[in-house]
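Participant: Data: input19.txt, compact mmCIF, C-alpha atoms.
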```txt
# COMPACT_ATOMS: atom_id res chain seq x y z
CA MET A 21 14.83 20.72 40.72
CA SER A 22 14.55 17.46 38.94
CA GLU A 23 15.62 16.90 35.42
CA GLU A 24 14.21 14.31 33.12
CA VAL A 25 16.84 12.64 31.03
CA PRO A 26 15.27 11.40 27.83
CA ALA A 27 16.18 7.88 26.81
CA ALA A 28 18.93 7.89 24.24
CA LYS A 29 17.64 7.48 20.71
CA LYS A 30 18.22 4.15 19.04
CA ARG A 31 21.06 4.30 16.54
CA ILE A 32 20.75 2.90 13.05
CA GLY A 33 23.60 1.94 10.75
CA VAL A 34 22.63 1.99 7.07
CA LEU A 35 24.41 -0.11 4.44
CA ILE A 36 24.23 1.08 0.85
CA SER A 37 25.82 0.52 -2.53
CA GLY A 38 24.06 3.10 -4.67
CA SER A 39 22.01 6.24 -4.79
CA GLY A 40 20.45 5.68 -1.40
CA THR A 41 16.83 6.73 -1.95
CA ASN A 42 15.71 4.43 0.86
CA LEU A 43 18.47 5.90 3.01
CA GLN A 44 17.03 9.32 2.24
CA ALA A 45 13.57 8.16 3.29
CA ILE A 46 15.03 6.92 6.58
CA LEU A 47 16.92 10.19 7.12
CA ASP A 48 13.76 12.18 6.36
CA ALA A 49 11.60 10.07 8.68
CA SER A 50 14.17 10.51 11.42
CA ALA A 51 14.28 14.27 10.89
CA LYS A 52 10.50 14.53 10.95
CA GLY A 53 10.21 12.36 14.04
CA ASP A 54 8.19 9.63 12.33
CA LEU A 55 11.14 7.39 13.04
CA ASP A 56 12.28 7.81 16.60
CA ALA A 57 15.88 6.91 15.90
CA GLN A 58 18.95 8.51 14.40
CA VAL A 59 21.12 7.34 11.57
CA ALA A 60 24.47 6.92 13.28
CA VAL A 61 26.55 5.91 10.29
CA VAL A 62 26.17 5.14 6.60
CA ILE A 63 28.49 2.51 5.16
CA SER A 64 29.00 1.86 1.47
CA ASP A 65 31.01 -0.74 -0.41
CA ASN A 66 31.05 1.67 -3.33
CA GLU A 67 33.12 4.83 -3.03
CA ASP A 68 30.98 6.64 -5.60
CA ALA A 69 27.62 5.80 -4.05
CA TYR A 70 25.53 8.97 -3.97
CA GLY A 71 24.11 7.75 -0.67
CA LEU A 72 27.43 8.71 0.96
CA GLU A 73 26.81 12.27 -0.17
CA ARG A 74 23.28 12.14 1.23
CA ALA A 75 24.74 11.07 4.57
CA ARG A 76 27.25 13.94 4.61
CA LYS A 77 24.52 16.43 3.76
CA ALA A 78 22.56 15.15 6.74
CA GLY A 79 25.59 15.42 9.01
CA VAL A 80 25.93 11.66 9.34
CA PRO A 81 29.31 9.91 9.22
CA ALA A 82 29.76 8.37 5.78
CA VAL A 83 32.19 5.48 5.56
CA TRP A 84 33.43 3.73 2.46
CA VAL A 85 34.70 0.23 3.21
CA ASP A 86 36.77 -0.83 0.25
CA ARG A 87 36.24 -4.52 -0.42
CA SER A 88 39.43 -4.68 -2.48
CA ALA A 89 41.46 -3.63 0.57
CA TYR A 90 40.62 -6.93 2.28
CA GLU A 91 41.93 -10.35 1.47
CA SER A 92 38.69 -12.16 2.15
CA ALA A 93 34.96 -11.59 2.48
CA HIS A 94 35.50 -12.59 6.10
CA ALA A 95 37.95 -9.77 6.75
CA TYR A 96 35.79 -7.31 4.84
CA ASN A 97 32.74 -8.22 6.92
CA ASP A 98 34.80 -7.93 10.09
CA ALA A 99 35.58 -4.37 9.04
CA ILE A 100 31.90 -3.59 8.39
CA ARG A 101 31.03 -4.98 11.82
CA ASP A 102 33.74 -2.90 13.46
CA VAL A 103 32.46 0.32 11.89
CA LEU A 104 28.94 -0.50 13.12
CA LEU A 105 30.24 -1.20 16.62
CA GLU A 106 32.38 1.96 16.66
CA HIS A 107 29.25 3.97 15.99
CA ASP A 108 27.34 2.18 18.71
CA VAL A 109 24.63 0.97 16.36
CA ASP A 110 21.49 -0.74 17.69
CA LEU A 111 19.90 -1.62 14.36
CA VAL A 112 21.26 -2.17 10.86
CA ALA A 113 19.26 -1.26 7.76
CA MET A 114 20.40 -2.60 4.42
CA ALA A 115 19.20 -0.17 1.76
CA GLY A 116 20.28 -1.20 -1.70
CA TYR A 117 23.42 -2.88 -0.38
CA MET A 118 24.34 -5.27 -3.17
CA ARG A 119 26.39 -7.82 -1.22
CA LEU A 120 25.47 -10.66 1.05
CA LEU A 121 26.09 -9.58 4.62
CA GLY A 122 28.47 -11.94 6.38
CA THR A 123 27.85 -13.87 9.57
CA GLU A 124 30.56 -11.66 11.06
CA VAL A 125 27.90 -8.92 11.13
CA LEU A 126 24.77 -11.06 11.47
CA LEU A 127 25.96 -12.87 14.60
CA VAL A 128 26.67 -9.61 16.42
CA PHE A 129 23.43 -7.97 15.30
CA ARG A 130 21.25 -11.07 15.41
CA ASP A 131 17.66 -10.30 14.40
CA ARG A 132 18.55 -6.61 14.26
CA VAL A 133 19.50 -6.38 10.57
CA LEU A 134 16.72 -5.38 8.20
CA ASN A 135 16.57 -5.37 4.44
CA ILE A 136 14.03 -4.16 1.91
CA HIS A 137 13.12 -5.88 -1.34
CA PRO A 138 10.98 -4.55 -4.18
CA ALA A 139 8.72 -7.60 -4.56
CA LEU A 140 6.44 -9.69 -2.39
CA LEU A 141 9.01 -12.23 -1.24
CA PRO A 142 9.44 -15.13 -1.75
CA ALA A 143 8.36 -14.07 -5.25
CA PHE A 144 10.95 -12.38 -7.44
CA PRO A 145 14.09 -12.42 -5.30
CA GLY A 146 17.31 -11.06 -6.75
CA ALA A 147 18.54 -7.75 -8.04
CA LEU A 148 15.68 -7.04 -10.45
CA GLY A 149 12.54 -7.62 -8.40
CA ILE A 150 10.41 -4.93 -10.05
CA ARG A 151 11.36 -5.80 -13.61
CA ASP A 152 11.10 -9.54 -13.10
CA ALA A 153 7.56 -9.19 -11.71
CA PHE A 154 6.54 -6.84 -14.51
CA GLU A 155 7.84 -9.17 -17.19
CA TYR A 156 6.24 -12.20 -15.55
CA GLY A 157 2.96 -10.37 -15.93
CA VAL A 158 1.76 -10.22 -12.34
CA LYS A 159 -1.20 -8.00 -11.53
CA VAL A 160 -0.08 -7.50 -7.94
CA THR A 161 3.46 -7.05 -6.69
CA GLY A 162 4.69 -5.18 -3.64
CA VAL A 163 7.38 -4.37 -1.16
CA THR A 164 8.89 -6.55 1.57
CA VAL A 165 10.86 -5.53 4.65
CA HIS A 166 12.49 -8.52 6.26
CA LEU A 167 15.16 -9.55 8.70
CA ALA A 168 18.38 -10.40 6.91
CA ASP A 169 19.89 -13.81 7.26
CA GLU A 170 22.75 -15.65 5.60
CA LYS A 171 20.94 -15.96 2.26
CA PHE A 172 19.66 -13.33 -0.13
CA ASP A 173 16.04 -12.24 0.34
CA SER A 174 15.18 -15.05 2.73
CA GLY A 175 14.75 -13.92 6.33
CA PRO A 176 11.54 -13.55 8.37
CA ILE A 177 9.16 -10.95 6.95
CA ILE A 178 8.36 -7.89 9.06
CA ALA A 179 6.17 -5.92 6.67
CA GLN A 180 4.72 -6.27 3.20
CA GLU A 181 2.55 -3.94 1.20
CA ALA A 182 0.87 -4.83 -2.07
CA VAL A 183 1.20 -2.67 -5.18
CA GLU A 184 -1.19 -3.16 -8.07
CA VAL A 185 0.18 -3.31 -11.58
CA ALA A 186 -2.31 -1.20 -13.50
CA GLU A 187 -3.17 -1.99 -17.12
CA ASP A 188 -1.49 1.21 -18.27
CA ASP A 189 1.61 0.80 -16.11
CA THR A 190 4.95 0.74 -17.83
CA LEU A 191 8.01 -0.55 -16.02
CA GLU A 192 8.85 3.08 -15.29
CA THR A 193 5.48 4.03 -13.76
CA LEU A 194 5.48 0.81 -11.75
CA GLU A 195 8.96 1.59 -10.45
CA ALA A 196 7.78 5.03 -9.34
CA LYS A 197 4.83 3.54 -7.43
CA MET A 198 7.05 0.90 -5.87
CA HIS A 199 9.60 3.42 -4.66
CA GLN A 200 6.86 5.47 -3.00
CA VAL A 201 5.75 2.43 -1.06
CA GLU A 202 9.33 1.49 -0.17
CA HIS A 203 10.00 4.95 1.20
CA ARG A 204 6.92 4.75 3.41
CA LEU A 205 7.22 1.10 4.49
CA TYR A 206 10.89 0.95 5.47
CA PRO A 207 10.78 3.75 8.08
CA LYS A 208 7.53 2.27 9.43
CA ALA A 209 9.08 -1.17 9.88
CA LEU A 210 12.18 0.37 11.47
CA GLN A 211 9.96 2.26 13.88
CA TRP A 212 8.29 -1.03 14.87
CA MET A 213 11.75 -2.42 15.63
CA VAL A 214 12.67 0.70 17.63
CA GLU A 215 9.48 0.33 19.66
CA GLY A 216 10.23 -3.34 20.33
CA ARG A 217 6.99 -4.43 18.73
CA VAL A 218 8.47 -7.18 16.55
CA SER A 219 8.80 -10.70 17.91
CA LEU A 220 9.71 -13.95 16.21
CA ARG A 221 7.87 -17.26 16.22
CA GLY A 222 10.01 -19.54 14.09
CA ARG A 223 10.27 -17.73 10.78
CA ARG A 224 7.01 -15.85 11.31
CA THR A 225 7.04 -12.44 12.93
CA ARG A 226 4.42 -11.00 15.19
CA ILE A 227 3.93 -7.24 15.27
CA LYS A 228 2.39 -5.99 18.50
CA LEU A 229 -0.25 -3.49 17.47
CA MET B 26 -42.78 -6.79 -36.03
CA SER B 27 -39.14 -7.40 -35.58
CA GLU B 28 -37.69 -9.75 -33.11
CA GLU B 29 -34.29 -9.46 -31.55
CA VAL B 30 -32.56 -12.76 -31.15
CA PRO B 31 -30.18 -12.57 -28.20
CA ALA B 32 -26.70 -13.91 -28.81
CA ALA B 33 -26.31 -17.39 -27.38
CA LYS B 34 -24.70 -17.37 -23.96
CA LYS B 35 -21.12 -18.53 -23.75
CA ARG B 36 -20.84 -22.02 -22.35
CA ILE B 37 -18.42 -22.90 -19.59
CA GLY B 38 -17.17 -26.36 -18.71
CA VAL B 39 -15.97 -26.66 -15.12
CA LEU B 40 -13.42 -29.25 -14.01
CA ILE B 41 -13.43 -30.25 -10.35
CA SER B 42 -12.06 -32.87 -8.00
CA GLY B 43 -13.63 -31.88 -4.70
CA SER B 44 -16.31 -29.90 -2.94
CA GLY B 45 -16.60 -27.33 -5.66
CA THR B 46 -16.98 -24.07 -3.73
CA ASN B 47 -15.52 -22.12 -6.64
CA LEU B 48 -17.90 -24.00 -8.95
CA GLN B 49 -20.74 -22.84 -6.69
CA ALA B 50 -19.52 -19.24 -6.95
CA ILE B 51 -19.53 -19.57 -10.74
CA LEU B 52 -23.03 -21.11 -10.73
CA ASP B 53 -24.29 -18.34 -8.44
CA ALA B 54 -22.73 -15.58 -10.52
CA SER B 55 -24.30 -17.10 -13.64
CA ALA B 56 -27.71 -17.31 -11.96
CA LYS B 57 -27.50 -13.71 -10.77
CA GLY B 58 -26.34 -12.47 -14.15
CA ASP B 59 -23.00 -11.17 -12.90
CA LEU B 60 -21.46 -13.76 -15.17
CA ASP B 61 -23.10 -13.65 -18.57
CA ALA B 62 -22.48 -17.32 -19.34
CA GLN B 63 -23.91 -20.66 -18.41
CA VAL B 64 -22.22 -23.66 -16.93
CA ALA B 65 -22.76 -26.27 -19.63
CA VAL B 66 -21.14 -29.23 -17.91
CA VAL B 67 -19.26 -30.11 -14.74
CA ILE B 68 -16.61 -32.82 -15.03
CA SER B 69 -14.95 -34.54 -12.11
CA ASP B 70 -12.17 -37.09 -11.90
CA ASN B 71 -13.57 -38.07 -8.52
CA GLU B 72 -16.90 -39.86 -8.37
CA ASP B 73 -17.56 -38.63 -4.83
CA ALA B 74 -16.81 -34.98 -5.46
CA TYR B 75 -19.56 -32.92 -3.86
CA GLY B 76 -19.26 -30.51 -6.77
CA LEU B 77 -21.07 -33.08 -8.93
CA GLU B 78 -24.02 -32.80 -6.56
CA ARG B 79 -23.88 -29.01 -6.78
CA ALA B 80 -24.06 -29.32 -10.56
CA ARG B 81 -27.10 -31.61 -10.43
CA LYS B 82 -28.86 -29.27 -8.00
CA ALA B 83 -28.30 -26.46 -10.49
CA GLY B 84 -29.63 -28.57 -13.36
CA VAL B 85 -26.23 -28.85 -14.98
CA PRO B 86 -24.95 -32.12 -16.50
CA ALA B 87 -22.50 -33.71 -14.05
CA VAL B 88 -20.02 -36.11 -15.55
CA TRP B 89 -17.58 -38.35 -13.75
CA VAL B 90 -14.66 -39.35 -15.96
CA ASP B 91 -13.02 -42.31 -14.30
CA ARG B 92 -9.26 -42.11 -14.75
CA SER B 93 -8.89 -45.79 -13.94
CA ALA B 94 -11.06 -46.68 -16.93
CA TYR B 95 -8.35 -45.36 -19.27
CA GLU B 96 -5.05 -46.95 -20.07
CA SER B 97 -3.13 -43.71 -20.29
CA ALA B 98 -3.30 -40.08 -19.26
CA HIS B 99 -3.53 -39.41 -22.98
CA ALA B 100 -6.70 -41.47 -23.40
CA TYR B 101 -8.17 -40.00 -20.22
CA ASN B 102 -7.56 -36.44 -21.43
CA ASP B 103 -9.05 -37.34 -24.82
CA ALA B 104 -12.19 -38.36 -22.93
CA ILE B 105 -12.27 -35.07 -20.98
CA ARG B 106 -11.89 -33.15 -24.23
CA ASP B 107 -14.70 -35.13 -25.85
CA VAL B 108 -17.11 -34.37 -22.99
CA LEU B 109 -16.26 -30.67 -23.27
CA LEU B 110 -16.82 -30.77 -27.04
CA GLU B 111 -20.10 -32.70 -26.69
CA HIS B 112 -21.39 -29.93 -24.47
CA ASP B 113 -20.28 -27.27 -26.91
CA VAL B 114 -18.09 -25.52 -24.37
CA ASP B 115 -16.49 -22.14 -25.16
CA LEU B 116 -14.46 -21.77 -21.99
CA VAL B 117 -13.03 -24.20 -19.45
CA ALA B 118 -12.69 -23.32 -15.77
CA MET B 119 -10.55 -25.52 -13.56
CA ALA B 120 -11.89 -25.23 -10.03
CA GLY B 121 -10.02 -27.41 -7.61
CA TYR B 122 -9.21 -29.96 -10.29
CA MET B 123 -6.23 -31.79 -8.88
CA ARG B 124 -4.67 -33.12 -12.07
CA LEU B 125 -2.55 -31.57 -14.76
CA LEU B 126 -4.74 -30.95 -17.78
CA GLY B 127 -3.35 -32.67 -20.87
CA THR B 128 -2.41 -31.06 -24.15
CA GLU B 129 -5.29 -33.08 -25.59
CA VAL B 130 -7.57 -30.49 -23.94
CA LEU B 131 -5.27 -27.48 -24.00
CA LEU B 132 -4.66 -27.60 -27.76
CA VAL B 133 -8.38 -27.61 -28.53
CA PHE B 134 -9.18 -24.89 -25.98
CA ARG B 135 -6.03 -22.86 -26.47
CA ASP B 136 -5.99 -19.80 -24.18
CA ARG B 137 -9.54 -20.63 -23.12
CA VAL B 138 -8.75 -22.72 -20.04
CA LEU B 139 -8.62 -20.85 -16.74
CA ASN B 140 -7.47 -21.93 -13.33
CA ILE B 141 -7.51 -20.34 -9.89
CA HIS B 142 -4.78 -20.59 -7.29
CA PRO B 143 -4.92 -19.46 -3.65
CA ALA B 144 -1.65 -17.52 -3.63
CA LEU B 145 -0.04 -14.68 -5.56
CA LEU B 146 1.69 -16.78 -8.19
CA PRO B 147 4.52 -17.41 -8.84
CA ALA B 148 4.72 -17.52 -5.03
CA PHE B 149 3.48 -20.67 -3.31
CA PRO B 150 2.48 -22.92 -6.19
CA GLY B 151 1.24 -26.41 -5.42
CA ALA B 152 -1.64 -27.95 -3.57
CA LEU B 153 -1.24 -26.01 -0.30
CA GLY B 154 -0.92 -22.38 -1.35
CA ILE B 155 -2.68 -20.87 1.64
CA ARG B 156 -0.91 -22.96 4.25
CA ASP B 157 2.51 -22.59 2.64
CA ALA B 158 2.18 -18.79 2.58
CA PHE B 159 0.93 -18.70 6.17
CA GLU B 160 3.79 -20.86 7.41
CA TYR B 161 6.36 -18.86 5.45
CA GLY B 162 5.14 -15.86 7.39
CA VAL B 163 4.07 -13.53 4.60
CA LYS B 164 2.09 -10.44 5.50
CA VAL B 165 0.38 -10.31 2.10
CA THR B 166 -0.86 -13.23 0.07
CA GLY B 167 -3.70 -13.36 -2.42
CA VAL B 168 -5.56 -15.08 -5.20
CA THR B 169 -4.52 -15.65 -8.81
CA VAL B 170 -6.68 -16.49 -11.82
CA HIS B 171 -4.53 -17.55 -14.76
CA LEU B 172 -4.64 -19.29 -18.07
CA ALA B 173 -3.71 -22.94 -17.76
CA ASP B 174 -0.76 -24.31 -19.65
CA GLU B 175 1.12 -27.59 -19.64
CA LYS B 176 2.64 -26.97 -16.21
CA PHE B 177 1.05 -26.50 -12.81
CA ASP B 178 0.34 -22.91 -11.76
CA SER B 179 2.36 -21.37 -14.55
CA GLY B 180 0.25 -19.75 -17.28
CA PRO B 181 -0.32 -16.05 -18.00
CA ILE B 182 -2.04 -14.22 -15.15
CA ILE B 183 -5.47 -12.72 -15.79
CA ALA B 184 -6.33 -11.40 -12.33
CA GLN B 185 -4.76 -11.17 -8.91
CA GLU B 186 -6.08 -9.74 -5.70
CA ALA B 187 -4.03 -9.24 -2.55
CA VAL B 188 -5.18 -10.53 0.84
CA GLU B 189 -3.54 -9.24 3.99
CA VAL B 190 -2.49 -11.68 6.66
CA ALA B 191 -3.59 -9.92 9.83
CA GLU B 192 -1.65 -10.31 13.07
CA ASP B 193 -4.53 -12.23 14.64
CA ASP B 194 -5.19 -14.45 11.63
CA THR B 195 -5.02 -18.17 12.11
CA LEU B 196 -4.72 -20.48 9.15
CA GLU B 197 -8.48 -20.97 9.41
CA THR B 198 -9.42 -17.28 9.40
CA LEU B 199 -6.99 -16.66 6.55
CA GLU B 200 -8.56 -19.51 4.57
CA ALA B 201 -11.99 -17.98 5.07
CA LYS B 202 -10.80 -14.58 3.77
CA MET B 203 -9.05 -16.22 0.83
CA HIS B 204 -12.11 -18.19 -0.20
CA GLN B 205 -14.23 -15.02 -0.17
CA VAL B 206 -11.81 -13.38 -2.56
CA GLU B 207 -11.64 -16.51 -4.75
CA HIS B 208 -15.40 -16.62 -5.05
CA ARG B 209 -15.51 -13.00 -6.16
CA LEU B 210 -12.42 -12.98 -8.40
CA TYR B 211 -13.04 -16.13 -10.45
CA PRO B 212 -16.46 -15.12 -11.84
CA LYS B 213 -15.07 -11.64 -12.52
CA ALA B 214 -12.16 -13.02 -14.54
CA LEU B 215 -14.48 -15.39 -16.40
CA GLN B 216 -16.73 -12.46 -17.25
CA TRP B 217 -13.72 -10.63 -18.71
CA MET B 218 -13.08 -13.67 -20.89
CA VAL B 219 -16.74 -13.83 -21.94
CA GLU B 220 -16.62 -10.16 -22.91
CA GLY B 221 -13.47 -10.70 -24.95
CA ARG B 222 -11.53 -8.21 -22.88
CA VAL B 223 -8.45 -10.36 -22.28
CA SER B 224 -5.59 -10.30 -24.77
CA LEU B 225 -2.11 -11.77 -24.59
CA ARG B 226 1.24 -10.10 -25.14
CA GLY B 227 3.79 -12.84 -24.61
CA ARG B 228 3.05 -14.13 -21.15
CA ARG B 229 1.51 -10.85 -20.03
CA THR B 230 -2.20 -10.28 -20.34
CA ARG B 231 -3.93 -7.05 -21.11
CA ILE B 232 -7.44 -6.48 -19.77
CA LYS B 233 -9.42 -3.96 -21.78
CA LEU B 234 -11.17 -1.75 -19.27
```
Show me, as structure tokens, the structure contained in the file I just sent.
Facilitator:
Amino acid sequence: MSEEVPAAKKRIGVLISGSGTNLQAILDASAKGDLDAQVAVVISDNEDAYGLERARKAGVPAVWVDRSAYESAHAYNDAIRDVLLEHDVDLVAMAGYMRLLGTEVLLVFRDRVLNIHPALLPAFPGALGIRDAFEYGVKVTGVTVHLADEKFDSGPIIAQEAVEVAEDDTLETLEAKMHQVEHRLYPKALQWMVEGRVSLRGRRTRIKL
Amino acid sequence: MSEEVPAAKKRIGVLISGSGTNLQAILDASAKGDLDAQVAVVISDNEDAYGLERARKAGVPAVWVDRSAYESAHAYNDAIRDVLLEHDVDLVAMAGYMRLLGTEVLLVFRDRVLNIHPALLPAFPGALGIRDAFEYGVKVTGVTVHLADEKFDSGPIIAQEAVEVAEDDTLETLEAKMHQVEHRLYPKALQWMVEGRVSLRGRRTRIKL
């Protein structure tokens, strides 16, 4: 009798600060098998982040790393890195994590840290991508999944999807459309990473189709 | 017997500096009736611009305004304005015109001067919108038609259309796709202006559908 041992699933660490709707999309995609990876740990800098509760409900370790317990951003980022390493993480997904990730993490997980931004970067970086685009008056905005680097919203782009701003859109209806696209695009881009289909040429990425 | 007198067609002045492919798209749309307006004059700051030849072929007055014949940008822009006024222009379309249009023109044709840019503004302003987006590594770029103001690439947006950067796109294939969209979008936006469907709310535009 021979036994086939399936390859171990890739393990994703998710960093959050808030409600974790993109985390939920990743958990759901993993549960459904659309994302062939498991969320190994969810880390929050905010003790009250509802995303921690989402993690617990999904049976995933939920870790609050208290920034105020560390003397420096350096020590804090060392702690984040250590939690990721303890949970044997292959990929890191930032999902509404409102801090810059330190080189302490980025060096260990080089080109394996993803982030999502609710605008077509490099347009409308920052914390209010949807609102800023709406108020600027664009007719097309969208969602970006990119590799994280040492600056906010700046790394190589893995996936983008356009979202039209309709004439009757309010900020609220636009936000709803944007979140739908985010929740579809992020698991898709993570799956490309899991399948090893993403390669880098300078700051451009190539996705093997 | 009664006779219906058709309303006079709106008259468009087109400003160019180069080959004038967007001018050609406007001329073609006007000839086909997709754009219910006529090109009344084509003005170039460049004597050798092929767009002037396109104008002549279409039976449209082609005027070279020689910047070096004027002492100041002010006097030069006065001359541009005077040519537009002589030809009884209702709307102005900048189509590859490589200078900033002066307030001398903008004040007279307030909110009636359009420009086109080969990127999803505010991303990738400047003279090399397609190349800059390609080299940045975006997966989605696009075309913007906007009202011109005193700064480059900055006025209220009338129309935008997304263009995907495919994995096998080169700069050349992307340029070809972009130009196709430009040549469709610019006449469409001009037609909206002709029909009086564009209104302003701050820097946002509303298009009456």
Participant: Quick one: residues within 12 Å of His166 in chain A, all atoms listed in the file counted, chain neighbours fewer than 6 positions away excluded, as number ranges by chain?
Facilitator: A: 112-115, 131-142, 172-180, 205-206, 209-210, 213, 218, 220, 223-225; B: 162-164
Participant: For Lys77 in chain A, list every protein, DNA or RNA residue within 12 Å, evaluated using only C-alpha atoms, and leave out those in the same chain fewer than 5 positions away; present the list as a ChimeraX atom specification.
Facilitator: /A:44,47-48,62,70-72,82
Participant: Find the residues with any atom within 6 Å of (-9.8, -7.7, -19.9); use all atoms listed in the file and the coordinates as given in the file, and write the answer as JSON, numbers by chain.
Facilitator: {"B": [217, 222, 223, 232, 233]}
Participant: Counting all atoms listed in the file, figure out which residue out of B:Val206, B:Ala80, B:Ala50, B:Leu234 gets nearest to chain A.
Facilitator: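 For chain A, the nearest of the given residues is B:Leu234.
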Participant: Give me the residues within 12 Å of Arg130 in chain A as a compact mmCIF listing (two decimals) with C-alpha atoms, in the frame of the given file, counting all atoms listed in the file and dropping any in the same chain fewer than 3 places off.
Facilitator:
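Final file, out_28.txt:
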```txt
# COMPACT_ATOMS: atom_id res chain seq x y z
CA ASP A 110 21.49 -0.74 17.69
CA LEU A 111 19.90 -1.62 14.36
CA VAL A 112 21.26 -2.17 10.86
CA LEU A 121 26.09 -9.58 4.62
CA GLY A 122 28.47 -11.94 6.38
CA THR A 123 27.85 -13.87 9.57
CA GLU A 124 30.56 -11.66 11.06
CA VAL A 125 27.90 -8.92 11.13
CA LEU A 126 24.77 -11.06 11.47
CA LEU A 127 25.96 -12.87 14.60
CA VAL A 133 19.50 -6.38 10.57
CA LEU A 134 16.72 -5.38 8.20
CA LEU A 167 15.16 -9.55 8.70
CA ALA A 168 18.38 -10.40 6.91
CA ASP A 169 19.89 -13.81 7.26
CA GLU A 170 22.75 -15.65 5.60
CA GLY A 175 14.75 -13.92 6.33
CA LEU A 220 9.71 -13.95 16.21
```
Participant: Counting all atoms listed in the file, find the residues whose atoms lie at most 12 Å from (-12.8, -38.5, -22.9) (file coordinates) and write them out as a PyMOL selection string.
Facilitator: chain B and resi 68-70+88-92+94-111+127+129-130
Participant: Mind pulling up the distance from CA of Ala182 in chain A to CA of Leu120 in chain A?
Facilitator: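 So the answer is 25.5 Å.
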Participant: I'd like the contact shell of Lys208 in chain A - 10 Å cut-off, all atoms listed in the file, skipping same-chain residues fewer than 3 positions apart - returned as a list of chain:residue names.
Facilitator: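 Non-adjacent residues within range: A:Ile46, A:Ala49, A:Asp54, A:Leu55, A:Val165, A:Ala179, A:Glu202, A:His203, A:Arg204, A:Leu205, A:Gln211, A:Trp212, A:Met213, A:Val214.
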Participant: Using all atoms listed in the file, which residue out of B:Glu220, B:Asp193, B:Glu78, B:Glu72 lies closest to chain A?
Facilitator: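 Between B:Glu220, B:Asp193, B:Glu78, B:Glu72, the residue approaching chain A most closely is B:Asp193.
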Participant: Using only C-alpha atoms, find the one residue out of A:Val183, A:Ala147, A:Ala27, A:Ala51 that sits nearest to chain B.
Facilitator: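 Among A:Val183, A:Ala147, A:Ala27, A:Ala51, it is A:Val183 that comes nearest to chain B.
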Participant: Would you please work out which residue, of B:Ser42, B:Thr195, B:Thr169, B:Gln205, is nearest to chain A when using all atoms listed in the file?
Facilitator: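 For chain A, the nearest of the given residues is B:Thr169.
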Participant: Just give me the gap between CA of Ala74 in chain B and CA of Asp194 in chain B in Å, one decimal is fine.
Facilitator: 29.1 Å
Participant: I'd like to know which of B:Glu189, B:Gly84, B:Val133, B:Lys35 is closest to Val165 in chain B, using all atoms listed in the file.
Facilitator: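 The closest residue to Val165 in chain B is B:Glu189.
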Participant: For a test of reading the model, state the distance in Å between CA of Leu194 in chain A and CA of Val190 in chain B, rounded to one decimal.
Facilitator: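 We find that CA of Leu194 in chain A and CA of Val190 in chain B lie 23.6 Å from each other.
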Participant: Measuring between all atoms listed in the file, which one of A:Pro207, A:Ala153, A:Met198, A:Ala143 shows the shortest distance to chain B?
Facilitator: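 Ranked by minimum distance to chain B, first place goes to A:Ala143.
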